[in-house]
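Student: My file is data-v6.cif. It has mmCIF, C-alpha atoms:
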data_model
loop_
_atom_site.label_atom_id
_atom_site.label_comp_id
_atom_site.auth_asym_id
_atom_site.auth_seq_id
_atom_site.Cartn_x
_atom_site.Cartn_y
_atom_site.Cartn_z
CA MET R 1 13.44 -61.32 20.32
CA SER R 2 14.77 -58.13 21.78
CA PRO R 3 18.09 -56.70 20.66
CA GLU R 4 20.99 -57.81 22.85
CA GLY R 5 21.34 -55.84 26.09
CA ILE R 6 18.15 -53.82 25.71
CA PRO R 7 15.46 -54.24 28.38
CA HIS R 8 12.27 -55.73 27.04
CA PHE R 9 8.87 -55.43 28.68
CA SER R 10 5.92 -57.43 27.50
CA ARG R 11 2.59 -55.91 26.53
CA GLU R 12 1.13 -56.82 29.93
CA GLU R 13 3.80 -54.92 31.79
CA LYS R 14 2.52 -51.37 31.87
CA VAL R 15 5.82 -49.68 32.61
CA ARG R 16 6.18 -45.93 32.51
CA PRO R 17 9.54 -44.25 32.01
CA ILE R 18 10.79 -42.01 34.80
CA SER R 19 12.44 -38.80 33.70
CA GLN R 20 14.90 -38.57 36.56
CA VAL R 21 15.94 -40.68 39.53
CA ARG R 22 18.33 -39.38 42.15
CA ILE R 23 20.69 -41.90 43.65
CA ARG R 24 22.71 -41.78 46.83
CA ASN R 25 25.09 -44.60 47.75
CA HIS R 26 23.65 -46.69 44.90
CA VAL R 27 20.16 -46.37 46.36
CA PRO R 28 17.37 -44.21 44.85
CA TYR R 29 16.05 -41.48 47.13
CA GLN R 30 13.92 -39.35 44.80
CA PHE R 31 12.24 -39.68 41.42
CA PHE R 32 10.18 -37.49 39.15
CA LEU R 33 7.04 -38.74 37.50
CA ASN R 34 4.73 -36.61 35.36
CA GLY R 35 6.56 -33.53 36.58
CA GLN R 36 6.02 -34.39 40.22
CA SER R 37 8.74 -35.10 42.71
CA HIS R 38 8.44 -38.22 44.84
CA LYS R 39 10.82 -38.53 47.77
CA ILE R 40 11.52 -42.07 48.79
CA ILE R 41 11.16 -42.47 52.51
CA ARG R 42 11.61 -46.21 52.70
CA ILE R 43 12.98 -49.00 50.55
CA MET R 44 10.54 -51.79 51.20
CA ASP R 45 12.08 -54.47 49.05
CA TYR R 46 14.73 -54.99 46.43
CA TRP R 47 15.34 -57.83 44.01
CA ARG R 48 17.00 -58.58 40.71
CA ASP R 49 15.44 -60.28 37.74
CA VAL R 50 17.77 -62.07 35.37
CA SER R 51 15.20 -61.54 32.57
CA GLU R 52 15.13 -63.85 29.56
CA TRP R 53 18.90 -64.02 29.37
CA TRP R 54 18.76 -66.73 26.73
CA ARG R 55 17.25 -64.08 24.45
CA GLY R 56 19.98 -61.63 25.33
CA GLU R 57 17.88 -59.55 27.71
CA PRO R 58 19.81 -57.80 30.44
CA GLU R 59 19.36 -58.16 34.18
CA LEU R 60 16.97 -55.64 35.77
CA TRP R 61 16.92 -54.36 39.32
CA PHE R 62 13.63 -53.81 41.10
CA TRP R 63 12.92 -51.55 44.05
CA ARG R 64 9.68 -51.42 45.99
CA VAL R 65 9.58 -48.02 47.64
CA LEU R 66 7.35 -45.96 49.90
CA THR R 67 7.24 -42.26 49.04
CA ASP R 68 6.55 -39.13 51.03
CA ARG R 69 3.12 -39.01 49.40
CA GLN R 70 2.41 -42.38 50.98
CA GLY R 71 2.42 -44.15 47.65
CA VAL R 72 3.99 -47.54 47.13
CA TYR R 73 5.79 -47.92 43.81
CA GLU R 74 7.88 -50.55 42.18
CA LEU R 75 10.70 -49.04 40.22
CA VAL R 76 12.78 -50.97 37.76
CA CYS R 77 16.26 -50.02 36.67
CA HIS R 78 18.48 -51.11 33.85
CA PRO R 79 21.80 -50.55 35.62
CA GLN R 80 23.98 -50.44 32.49
CA SER R 81 22.15 -47.50 30.98
CA ASN R 82 20.75 -46.12 34.26
CA GLN R 83 17.28 -46.09 32.71
CA TRP R 84 14.36 -46.23 35.14
CA TRP R 85 10.69 -47.09 34.84
CA VAL R 86 7.74 -47.36 37.17
CA TYR R 87 6.85 -51.02 37.08
CA HIS R 88 3.82 -51.04 39.33
CA VAL R 89 1.83 -48.61 41.44
CA TYR R 90 0.14 -50.06 44.48
CA ASP R 91 -1.92 -47.20 45.86
CA MET Z 1 -29.46 -34.57 52.07
CA THR Z 2 -27.47 -31.35 52.00
CA VAL Z 3 -23.77 -30.92 51.41
CA VAL Z 4 -21.88 -27.96 52.80
CA TYR Z 5 -18.58 -27.12 51.14
CA TRP Z 6 -16.53 -24.58 53.06
CA ARG Z 7 -13.41 -22.55 52.57
CA LEU Z 8 -12.24 -21.24 55.90
CA ALA Z 9 -9.94 -18.29 56.43
CA HIS Z 10 -8.34 -16.37 59.23
CA LEU Z 11 -8.02 -19.69 60.93
CA LYS Z 12 -7.19 -20.01 64.57
CA ARG Z 13 -3.54 -20.86 64.83
CA SER Z 14 -1.24 -21.48 67.72
CA GLY Z 15 1.79 -19.30 68.15
CA GLN Z 16 1.99 -15.55 68.14
CA ASP Z 17 -0.93 -14.00 66.32
CA GLN Z 18 0.05 -10.59 65.07
CA ASP Z 19 -1.64 -7.89 63.11
CA GLY Z 20 -0.90 -7.65 59.42
CA PHE Z 21 0.27 -11.11 58.48
CA ILE Z 22 0.10 -13.52 55.63
CA VAL Z 23 0.88 -17.19 56.09
CA GLU Z 24 2.81 -18.41 53.09
CA ARG Z 25 2.99 -21.95 51.81
CA GLU Z 26 4.90 -22.85 48.65
CA ASN Z 27 4.92 -19.23 47.47
CA LYS Z 28 1.16 -18.97 47.82
CA VAL Z 29 -1.10 -17.42 50.39
CA TYR Z 30 -2.32 -19.96 52.89
CA ASP Z 31 -4.10 -17.60 55.27
CA THR Z 32 -4.24 -14.00 56.32
CA ASP Z 33 -5.67 -11.80 59.05
CA PRO Z 34 -9.06 -10.01 58.73
CA LEU Z 35 -7.47 -6.88 57.30
CA GLY Z 36 -5.76 -8.92 54.60
CA TRP Z 37 -9.06 -10.56 53.78
CA ASN Z 38 -10.72 -7.15 53.52
CA ASN Z 39 -7.91 -6.09 51.18
CA GLY Z 40 -8.87 -8.94 48.88
CA VAL Z 41 -6.18 -11.40 49.91
CA ARG Z 42 -7.39 -14.93 49.30
CA GLN Z 43 -5.96 -18.38 49.71
CA GLY Z 44 -3.95 -19.61 46.78
CA MET Z 45 -2.90 -16.16 45.54
CA SER Z 46 0.71 -15.68 44.61
CA ILE Z 47 2.88 -14.21 47.35
CA GLN Z 48 4.45 -11.87 44.77
CA GLU Z 49 1.06 -10.27 44.33
CA MET Z 50 0.99 -9.27 47.98
CA LYS Z 51 3.56 -6.54 47.40
CA TRP Z 52 0.82 -4.31 46.13
CA ARG Z 53 -2.26 -5.93 47.61
CA TYR Z 54 -1.10 -6.04 51.24
CA PRO Z 55 2.38 -4.51 51.28
CA TYR Z 56 2.86 -4.08 55.02
CA ALA Z 57 1.92 -7.64 55.95
CA LYS Z 58 4.46 -9.81 57.64
CA ILE Z 59 5.00 -13.06 55.77
CA ILE Z 60 4.94 -16.04 58.11
CA PRO Z 61 5.97 -19.45 56.77
CA TRP Z 62 3.29 -22.13 57.06
CA SER Z 63 3.78 -24.73 59.71
CA LYS Z 64 1.54 -27.74 60.13
CA LYS Z 65 1.75 -27.66 63.89
CA ASP Z 66 0.29 -24.13 64.05
CA TYR Z 67 -2.98 -25.46 62.67
CA GLN Z 68 -2.97 -28.97 64.07
CA SER Z 69 -5.14 -28.23 67.06
CA THR Z 70 -7.72 -26.34 64.96
CA TYR Z 71 -7.76 -29.20 62.47
CA ASP Z 72 -8.19 -31.82 65.19
CA ASN Z 73 -11.05 -29.90 66.80
CA LEU Z 74 -12.71 -29.35 63.46
CA CYS Z 75 -12.51 -33.04 62.59
CA GLN Z 76 -13.82 -33.96 66.01
CA TRP Z 77 -16.82 -31.71 65.48
CA LEU Z 78 -17.41 -33.19 62.03
CA ASN Z 79 -17.09 -36.66 63.46
CA ASP Z 80 -19.75 -35.89 66.03
CA ASN Z 81 -22.14 -33.93 63.84
CA ALA Z 82 -21.76 -34.64 60.14
CA LEU Z 83 -23.35 -37.54 58.30
CA PHE Z 84 -20.13 -37.78 56.33
CA TYR Z 85 -17.22 -35.52 55.70
CA VAL Z 86 -14.09 -35.03 53.69
CA GLN Z 87 -11.73 -32.59 55.36
CA ASP Z 88 -8.21 -33.39 54.27
CA ASP Z 89 -6.95 -29.93 55.08
CA VAL Z 90 -8.00 -27.44 57.71
CA GLN Z 91 -8.84 -24.83 55.06
CA GLN Z 92 -11.43 -26.58 53.01
CA GLY Z 93 -13.64 -29.60 52.95
CA TYR Z 94 -17.23 -30.68 52.72
CA TRP Z 95 -19.68 -32.48 54.90
CA GLY Z 96 -23.24 -33.70 54.86
CA CYS Z 97 -26.27 -33.00 56.99
CA GLN Z 98 -29.97 -33.75 56.77
CA GLU Z 99 -30.90 -30.17 55.97
CA MET Z 100 -29.53 -26.66 56.31
CA ASN Z 101 -31.80 -23.66 56.36
CA SER Z 102 -30.83 -20.07 56.96
CA ASN Z 103 -31.43 -20.19 60.73
CA GLN Z 104 -29.48 -23.40 61.15
CA TRP Z 105 -26.65 -21.92 59.16
CA GLN Z 106 -26.54 -18.74 61.25
CA HIS Z 107 -26.45 -20.89 64.35
CA LEU Z 108 -23.65 -22.99 62.88
CA VAL Z 109 -21.56 -19.90 62.23
CA THR Z 110 -22.04 -18.22 65.59
CA SER Z 111 -21.98 -21.25 67.82
CA THR Z 112 -19.36 -23.36 66.10
CA LEU Z 113 -17.43 -21.96 63.22
CA LEU Z 114 -16.26 -18.76 64.87
CA GLN Z 115 -14.13 -20.87 67.21
CA TRP Z 116 -11.90 -21.80 64.30
CA ALA Z 117 -12.30 -19.27 61.53
CA THR Z 118 -13.51 -15.70 61.40
CA ARG Z 119 -13.95 -15.70 57.63
CA SER Z 120 -15.53 -18.30 55.42
CA THR Z 121 -17.22 -18.85 52.11
CA MET Z 122 -19.52 -21.80 51.67
CA GLY Z 123 -21.50 -23.48 48.97
CA ILE Z 124 -24.58 -25.45 49.93
CA ALA Z 125 -26.31 -27.89 47.57
CA SER Z 126 -27.36 -31.50 47.37
CA HIS Z 127 -24.02 -32.63 45.97
CA SER Z 128 -20.42 -31.92 46.87
CA LEU Z 129 -19.45 -30.89 43.31
CA LEU Z 130 -22.22 -28.32 43.09
CA ALA Z 131 -21.49 -27.09 46.60
CA GLN Z 132 -17.82 -26.61 45.79
CA TRP Z 133 -18.57 -24.68 42.65
CA LEU Z 134 -21.12 -22.46 44.38
CA ALA Z 135 -18.59 -21.60 47.09
CA HIS Z 136 -16.29 -20.34 44.35
CA GLU Z 137 -18.67 -18.83 41.85
CA GLY Z 138 -22.13 -18.75 43.41
CA ALA Z 139 -22.11 -14.94 43.41
CA HIS Z 140 -22.39 -14.96 39.60
CA TYR Z 141 -25.76 -16.69 39.65
CA PRO Z 142 -28.12 -14.63 41.83
CA GLN Z 143 -31.21 -16.04 40.11
CA LEU Z 144 -30.21 -19.55 40.94
CA THR Z 145 -28.69 -19.11 44.38
CA GLU Z 146 -29.54 -17.58 47.70
CA HIS Z 147 -26.92 -15.56 49.50
CA TRP Z 148 -26.70 -15.85 53.27
CA THR Z 149 -24.36 -13.73 55.33
CA GLN Z 150 -23.48 -13.59 58.98
CA ALA Z 151 -20.67 -11.40 60.27
CA HIS Z 152 -17.89 -12.12 57.77
CA HIS Z 153 -19.20 -15.47 56.73
CA GLU Z 154 -21.17 -16.05 53.59
CA ALA Z 155 -22.87 -18.93 51.85
CA TYR Z 156 -24.24 -19.42 48.36
CA VAL Z 157 -27.09 -21.84 48.45
CA ALA Z 158 -28.71 -23.57 45.49
CA ARG Z 159 -32.30 -22.39 45.29
CA GLU Z 160 -34.99 -25.00 45.49
CA ASN Z 161 -35.83 -26.44 42.06
CA LYS Z 162 -32.86 -24.69 40.47
CA GLU Z 163 -30.32 -27.45 40.92
CA GLU Z 164 -30.95 -28.93 37.49
CA GLU Z 165 -30.08 -25.61 35.87
CA LEU Z 166 -27.01 -25.30 38.07
CA TRP Z 167 -25.82 -28.79 37.15
CA LYS Z 168 -25.87 -27.84 33.48
CA LEU Z 169 -23.76 -24.78 34.18
CA LEU Z 170 -21.19 -26.65 36.26
CA PRO Z 171 -17.76 -26.18 34.61
CA LEU Z 172 -16.20 -29.47 33.53
CA GLU Z 173 -13.03 -28.77 35.47
CA TYR Z 174 -15.00 -29.41 38.66
CA LEU Z 175 -15.49 -33.05 37.78
CA PRO Z 176 -13.28 -35.43 39.75
CA GLU Z 177 -9.71 -36.06 38.70
CA ASN Z 178 -10.17 -39.79 38.35
CA ILE Z 179 -11.90 -39.42 35.00
CA PRO Z 180 -9.71 -41.00 32.34
CA GLU Z 181 -7.65 -38.38 30.60
CA TYR Z 182 -9.34 -39.15 27.30
CA TYR Z 183 -12.65 -37.53 28.26
CA PRO Z 184 -11.44 -34.07 29.34
CA LYS Z 185 -9.15 -33.94 26.31
CA ASP Z 186 -11.98 -34.81 23.99
CA TRP Z 187 -14.31 -32.30 25.60
CA LYS Z 188 -11.71 -29.59 25.34
CA LYS Z 189 -11.15 -30.38 21.69
CA ARG Z 190 -14.84 -30.02 21.02
CA GLY Z 191 -14.99 -26.75 22.92
CA TRP Z 192 -17.30 -28.09 25.63
CA LEU Z 193 -16.90 -26.22 28.87
CA ARG Z 194 -19.86 -27.10 31.05
CA VAL Z 195 -21.70 -30.26 32.04
CA GLY Z 196 -24.71 -29.14 29.99
CA ASP Z 197 -22.55 -28.99 26.84
CA VAL Z 198 -21.72 -32.69 26.93
CA PRO Z 199 -24.59 -34.90 25.73
CA ASN Z 200 -26.01 -37.10 28.50
CA LEU Z 201 -23.34 -36.13 31.00
CA TYR Z 202 -25.80 -34.39 33.27
CA THR Z 203 -27.84 -37.57 33.76
CA LYS Z 204 -24.71 -39.57 34.36
CA VAL Z 205 -23.26 -37.12 36.84
CA LYS Z 206 -26.50 -36.74 38.71
CA THR Z 207 -27.51 -40.36 38.94
CA ARG Z 208 -24.09 -41.75 39.73
CA GLU Z 209 -23.52 -39.19 42.45
CA PHE Z 210 -19.78 -39.50 42.23
CA GLY Z 211 -17.46 -37.05 43.86
CA GLY Z 212 -16.77 -38.82 47.07
CA GLN Z 213 -19.84 -38.76 49.22
CA HIS Z 214 -18.91 -41.38 51.74
CA PHE Z 215 -20.81 -42.31 54.81
CA LYS Z 216 -18.70 -42.67 57.88
CA SER Z 217 -18.95 -45.32 60.51
CA THR Z 218 -17.20 -45.78 63.82
CA ALA Z 219 -17.35 -49.56 63.55
CA VAL Z 220 -14.14 -51.54 63.33
CA ILE Z 221 -13.57 -54.70 61.33
CA ARG Z 222 -11.22 -57.03 63.12
CA VAL Z 223 -9.60 -60.33 62.22
CA GLU Z 224 -7.54 -62.08 64.87
CA LYS Z 225 -5.22 -65.08 65.00
CA ARG Z 226 -3.56 -66.47 68.11
CA PHE Z 227 -0.92 -69.16 68.29
CA ASP Z 228 0.28 -71.65 70.89
CA SER Z 229 3.86 -70.54 70.46
CA PRO Z 230 5.44 -67.38 69.04
CA VAL Z 231 5.46 -67.20 65.26
CA GLU Z 232 8.82 -66.53 63.70
CA GLN Z 233 8.29 -67.30 60.05
CA GLY Z 234 5.67 -66.73 57.41
CA ILE Z 235 4.31 -63.54 58.94
CA PRO Z 236 3.77 -61.74 55.60
CA GLU Z 237 1.83 -64.72 54.33
CA LEU Z 238 -0.34 -64.80 57.44
CA VAL Z 239 -0.98 -61.07 57.19
CA ARG Z 240 -1.90 -61.47 53.54
CA ILE Z 241 -4.47 -64.16 54.34
CA MET Z 242 -5.94 -62.12 57.19
CA ALA Z 243 -5.96 -58.96 55.06
CA GLU Z 244 -7.90 -60.81 52.39
CA GLU Z 245 -10.48 -61.70 55.03
CA ILE Z 246 -10.78 -58.00 55.95
CA ALA Z 247 -11.16 -57.11 52.27
CA ARG Z 248 -13.82 -59.79 51.87
CA ILE Z 249 -15.83 -58.35 54.77
CA LEU Z 250 -15.45 -54.81 53.40
CA ARG Z 251 -16.61 -55.95 49.98
CA GLU Z 252 -19.59 -57.74 51.42
CA ARG Z 253 -20.63 -54.61 53.23
CA ARG Z 254 -19.79 -52.37 50.29
CA GLN Z 255 -17.56 -50.31 52.50
CA GLY Z 256 -14.05 -49.02 52.30
CA SER Z 257 -11.52 -48.32 55.00
CA ARG Z 258 -9.04 -45.48 55.25
CA GLN Z 259 -7.10 -46.55 58.28
CA LEU Z 260 -5.55 -49.96 58.83
CA ARG Z 261 -3.86 -51.26 61.94
CA ILE Z 262 -1.85 -54.30 62.86
CA ILE Z 263 -1.52 -55.19 66.52
CA TRP Z 264 1.20 -57.60 67.50
CA GLU Z 265 0.72 -59.47 70.77
CA HIS Z 266 3.85 -60.86 72.37
CA GLU Z 267 5.40 -61.44 75.77
CA GLN Z 268 6.71 -57.91 76.04
CA GLY Z 269 3.29 -56.38 75.50
CA ASP Z 270 1.29 -55.23 72.50
CA GLU Z 271 2.65 -53.20 69.64
CA MET Z 272 0.52 -51.39 67.12
CA ARG Z 273 1.30 -50.15 63.62
CA LYS Z 274 -1.21 -47.98 61.86
CA ARG Z 275 -1.44 -45.79 58.83
CA THR Z 276 -4.17 -43.60 57.36
CA TRP Z 277 -4.65 -43.18 53.63
CA PRO Z 278 -6.44 -40.28 51.96
CA VAL Z 279 -8.75 -42.55 49.98
CA GLN Z 280 -10.61 -45.51 51.38
CA THR Z 281 -10.52 -48.86 49.66
CA GLU Z 282 -12.16 -52.24 49.69
CA ASN Z 283 -10.19 -53.54 46.74
CA PRO Z 284 -8.61 -56.83 47.93
CA GLN Z 285 -5.25 -56.18 46.37
CA GLN Z 286 -5.05 -52.68 47.79
CA VAL Z 287 -6.13 -53.80 51.23
CA VAL Z 288 -3.46 -56.51 51.21
CA THR Z 289 -0.89 -54.05 49.94
CA ARG Z 290 -1.73 -51.50 52.56
CA PHE Z 291 -1.46 -54.03 55.35
CA LEU Z 292 1.86 -55.22 53.99
CA THR Z 293 3.26 -51.70 54.13
CA LEU Z 294 2.72 -51.89 57.88
CA LEU Z 295 5.20 -54.74 58.06
CA SER Z 296 8.15 -52.53 57.29
CA VAL Z 297 8.83 -52.27 61.02
CA LEU Z 298 8.42 -55.72 62.50
CA PRO Z 299 7.52 -56.36 66.15
CA GLN Z 300 10.27 -56.44 68.74
CA ALA Z 301 9.56 -60.04 69.60
CA PRO Z 302 7.94 -62.93 67.71
CA PRO Z 303 4.18 -62.47 68.08
CA GLN Z 304 1.83 -64.91 69.73
CA GLY Z 305 -1.17 -63.12 68.34
CA ILE Z 306 -1.85 -60.96 65.30
CA ILE Z 307 -4.83 -58.64 65.04
CA LEU Z 308 -5.70 -56.81 61.85
CA GLU Z 309 -8.16 -53.94 62.08
CA ALA Z 310 -9.84 -51.69 59.54
CA HIS Z 311 -10.88 -48.29 60.89
CA GLN Z 312 -12.50 -45.17 59.45
CA ILE Z 313 -14.94 -47.25 57.52
CA GLU Z 314 -17.16 -45.50 55.05
CA ASP Z 315 -19.90 -46.68 52.79
CA LEU Z 316 -18.80 -46.66 49.22
CA ARG Z 317 -21.23 -46.94 46.40
CA ALA Z 318 -20.16 -49.58 43.97
CA GLU Z 319 -20.83 -47.39 40.97
CA GLN Z 320 -18.51 -44.74 42.37
CA MET Z 321 -15.61 -47.12 42.39
CA ALA Z 322 -15.98 -48.37 38.86
CA TRP Z 323 -17.32 -45.10 37.59
CA TRP Z 324 -15.42 -44.67 34.37
CA SER Z 325 -13.57 -47.90 34.28
CA GLY Z 326 -13.53 -50.29 31.39
CA PRO Z 327 -11.88 -53.70 31.47
CA VAL Z 328 -8.37 -52.30 31.18
CA VAL Z 329 -8.73 -50.13 34.23
CA ARG Z 330 -10.30 -52.96 36.18
CA ARG Z 331 -7.42 -55.21 35.39
CA PHE Z 332 -4.89 -52.60 36.41
CA GLN Z 333 -6.65 -52.11 39.72
CA GLY Z 334 -6.38 -55.81 40.35
CA ASP Z 335 -10.04 -56.67 40.20
CA PRO Z 336 -10.17 -60.47 40.32
CA GLU Z 337 -13.06 -60.47 37.90
CA GLY Z 338 -11.21 -58.47 35.31
CA PRO Z 339 -9.48 -60.05 32.33
CA ILE Z 340 -5.98 -60.95 33.38
CA SER Z 341 -3.01 -62.00 31.38
CA GLU Z 342 0.28 -61.80 33.15
CA SER Z 343 3.85 -61.31 32.17
CA ARG Z 344 6.58 -63.84 32.88
CA ARG Z 345 7.94 -61.61 35.66
CA THR Z 346 4.58 -61.27 37.38
CA ARG Z 347 3.99 -65.02 37.20
CA MET Z 348 7.41 -65.67 38.73
CA LEU Z 349 6.93 -63.11 41.46
CA GLN Z 350 3.68 -64.71 42.52
CA TYR Z 351 5.65 -67.65 43.90
CA TRP Z 352 7.59 -65.68 46.46
CA ASP Z 353 6.21 -62.16 46.72
CA PRO Z 354 3.29 -61.92 49.18
CA TRP Z 355 2.39 -58.58 47.63
CA ARG Z 356 1.46 -60.32 44.44
CA ARG Z 357 -0.20 -63.41 45.73
CA GLY Z 358 -3.48 -61.63 46.24
CA HIS Z 359 -5.50 -63.36 43.63
CA SER Z 360 -3.70 -64.85 40.70
CA LEU Z 361 -2.53 -68.11 42.25
CA ASP Z 362 -5.75 -68.62 44.12
CA ARG Z 363 -7.95 -68.52 41.09
#
As a first step, turn the structure in this file into structure tokens.
Tutor:
Amino acid sequence: MSPEGIPHFSREEKVRPISQVRIRNHVPYQFFLNGQSHKIIRIMDYWRDVSEWWRGEPELWFWRVLTDRQGVYELVCHPQSNQWWVYHVYD
Amino acid sequence: MTVVYWRLAHLKRSGQDQDGFIVERENKVYDTDPLGWNNGVRQGMSIQEMKWRYPYAKIIPWSKKDYQSTYDNLCQWLNDNALFYVQDDVQQGYWGCQEMNSNQWQHLVTSTLLQWATRSTMGIASHSLLAQWLAHEGAHYPQLTEHWTQAHHEAYVARENKEEELWKLLPLEYLPENIPEYYPKDWKKRGWLRVGDVPNLYTKVKTREFGGQHFKSTAVIRVEKRFDSPVEQGIPELVRIMAEEIARILRERRQGSRQLRIIWEHEQGDEMRKRTWPVQTENPQQVVTRFLTLLSVLPQAPPQGIILEAHQIEDLRAEQMAWWSGPVVRRFQGDPEGPISESRRTRMLQYWDPWRRGHSLDR
């Protein structure tokens, strides 16, 4: 069981922390991964996952984004702490 | 089979061409005029360095459109003449031909290359990695390479029967970037610098022929669906199913595609969405994903027909794709044969997210 309010990812979820995400009007527009800047040119999808709330896990927000390098990423955010991770890389 | 790797300079550019200039991109030299070249200015050098190397040059900021026409013409020529090519930027790339002797090379320079570049350095060998290295450092190995020159163009060519020796001298940093981080780190720790230092690597490198030698094709793979009445719902799901069919055909043919298109047919005419990726793929999940990215701008009217097309198809050797990969990497790339265990979130998403329905629910 994860401590109350702390995001928990299972072993299968290969998340990677993002050092910095820039937000405008509550929407991410740039993030930095491995020292590289990725400008978001399109938000392709957005959803929220209530997580395993019965275990005290917090809600997480997911963004599927297209970047200027033509990569498609899924970013996940823990809104309370403004922590961000890359959840999935498509190509 | 011969691979020519070239670095082109003093490229033809649109706009005012002036004497004494350096084109600057991200604080580095992108190109220069012949005088700059003669002064030792080379691509990739720091702009700060130019203060003493070429002090009276005018610094011109790089602009893609200045080189677009040269790039298009170059690619057109490659498309018509090369067996395969990789030319992501106008400045450098490599391409394949049946053979290249000194006379053919001289002809290439005078009849073709001078249209686009008045300076160039090339490496010529049987493999793109060797060719690239020779273009950079071939001058250091006169016993193993031939040196051809024509006007201001030069080529370092692997001598016959000397390629094996050259392979062993190839610096490890020339190996492709997709090698798992572990290997280069380990090699560095052991003080290994060249392919010949690493036990058995030479055989592996040579036989697997990795490094992106893809064979182009002008064929198009097409999957079509037409409906009696316009479709308003379930388009992502339809596209996913059709994209899987494209991926299946690509896999069967052991080919990958770089450019995907969706054509929407409706009463107001046809609409096309297309996108080109730097690396080709035949991986089902990636093909589906790439097609789905084309849905971000939907058609203006509900479609009565959907056509999915894969263009820029290139042969891809299976061993290239799974070159260094173990089971973990295969799973991450979404290989349906790989061992898969999924998280609660992924399992949930598979019920509504067409991006994730590629394989897990169908198995």
Student: Excluding Arg69 of chain R and any residue of its chain fewer than 3 positions from it, enumerate the residues within 12 Å of it, using all atoms listed in the file, and give them as a list in words.
Tutor: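 Counting only the stated atoms, we get Gln30, Gln36, Ser37, His38, Lys39, Ile40, Ile41, Arg42, Val65, Leu66, Val72, Tyr73 and Asp91 of chain R; Thr276, Trp277 and Pro278 of chain Z.
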Student: Using only C-alpha atoms, I'd like every residue of chain Z that has an atom within 8 Å of chain R; please write them out as a PyMOL selection string.
Tutor: chain Z and resi 277+286+289-290+293+296+341-343+345
Student: Which one of R:Val86, R:Tyr46, R:His8, R:Glu57 sits closest to Asn34 of chain R if you count all atoms listed in the file?
Tutor: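 Ranking R:Val86, R:Tyr46, R:His8, R:Glu57 by distance to Asn34 of chain R, first place goes to R:Val86.
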Student: Can you give me, as a count of residues only, the residues this file yields under the PyMOL selection byres ((chain Z and resi 43) around 8)?
Tutor: 9
Student: Could you tell me how far atom CA of Leu74 of chain Z sits from atom CA of Leu114 of chain Z, in Å to one decimal place?
Tutor: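 Taking atom CA of Leu114 of chain Z as the start and atom CA of Leu74 of chain Z as the end point, the length is 11.3 Å.
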Student: One number please: atom CA of Phe21 of chain Z to atom CA of Gly40 of chain Z, in Å, one decimal.
Tutor: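 For atom CA of Phe21 of chain Z relative to atom CA of Gly40 of chain Z, the distance reads 13.4 Å.
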Student: Could you expand the PyMOL selection byres ((chain R and resi 61) around 6) into the explicit residues it covers here, written as a PDB file with C-alpha atoms, in the coordinates of the input?
Tutor:
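Here's the written file result-v6.pdb:
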ATOM      1  CA  ARG R  48      17.000 -58.580  40.710  1.00  0.00           C
ATOM      2  CA  LEU R  60      16.970 -55.640  35.770  1.00  0.00           C
ATOM      3  CA  PHE R  62      13.630 -53.810  41.100  1.00  0.00           C
ATOM      4  CA  VAL R  76      12.780 -50.970  37.760  1.00  0.00           C
ATOM      5  CA  CYS R  77      16.260 -50.020  36.670  1.00  0.00           C
TER       6      CYS R  77
END
Student: What gap, in Å, lies between atom CA of Pro171 of chain Z and atom CA of Glu314 of chain Z?
Tutor: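 Between atom CA of Pro171 of chain Z and atom CA of Glu314 of chain Z the gap is 28.1 Å.
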Student: Find the residue from Z:Phe84, Z:Leu78, Z:Ala131, Z:His153 that sits nearest to Val109 of chain Z; use only C-alpha atoms when measuring.
Tutor: Z:His153
Student: For the structure provided, state which residues fall under the PyMOL selection byres ((chain R and resi 18-20) around 7), and present them as a compact mmCIF listing (two decimals) with C-alpha atoms, in the frame of the given file.
Tutor:
# COMPACT_ATOMS: atom_id res chain seq x y z
CA ARG R 16 6.18 -45.93 32.51
CA PRO R 17 9.54 -44.25 32.01
CA VAL R 21 15.94 -40.68 39.53
CA ARG R 22 18.33 -39.38 42.15
CA PHE R 31 12.24 -39.68 41.42
CA PHE R 32 10.18 -37.49 39.15
CA LEU R 33 7.04 -38.74 37.50
CA TRP R 84 14.36 -46.23 35.14
CA TRP R 85 10.69 -47.09 34.84
CA VAL R 86 7.74 -47.36 37.17
Student: With all atoms listed in the file as the basis for distance, which of R:Leu75, R:Arg55, R:Val27, R:Thr67 is at the shortest distance from Gly5 of chain R?
Tutor: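 Ranking R:Leu75, R:Arg55, R:Val27, R:Thr67 by distance to Gly5 of chain R, first place goes to R:Arg55.
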Student: Report as a CSV table (one decimal) with C-alpha atoms, in the frame of the given file all protein, DNA and RNA residues lying within 6 Å of Met122 of chain Z, evaluated on only C-alpha atoms, omitting residues in the same chain fewer than 5 positions from it.
Tutor:
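Listing of part.csv after writing:
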chain,number,residue,atom,x,y,z
Z,5,TYR,CA,-18.6,-27.1,51.1
Z,6,TRP,CA,-16.5,-24.6,53.1
Z,135,ALA,CA,-18.6,-21.6,47.1
Z,155,ALA,CA,-22.9,-18.9,51.8
Student: Which protein, DNA or RNA residues have an atom at most 9 Å from (-16.0, -26.8, 50.1), counting all atoms listed in the file? List them as a list of chain:residue names.
Tutor: Z:Val3, Z:Val4, Z:Tyr5, Z:Trp6, Z:Arg7, Z:Leu8, Z:Gln87, Z:Gln91, Z:Gln92, Z:Gly93, Z:Tyr94, Z:Trp95, Z:Thr121, Z:Met122, Z:Gly123, Z:Ile124, Z:Ser128, Z:Leu129, Z:Ala131, Z:Gln132, Z:Trp133, Z:Leu134, Z:Ala135, Z:His136
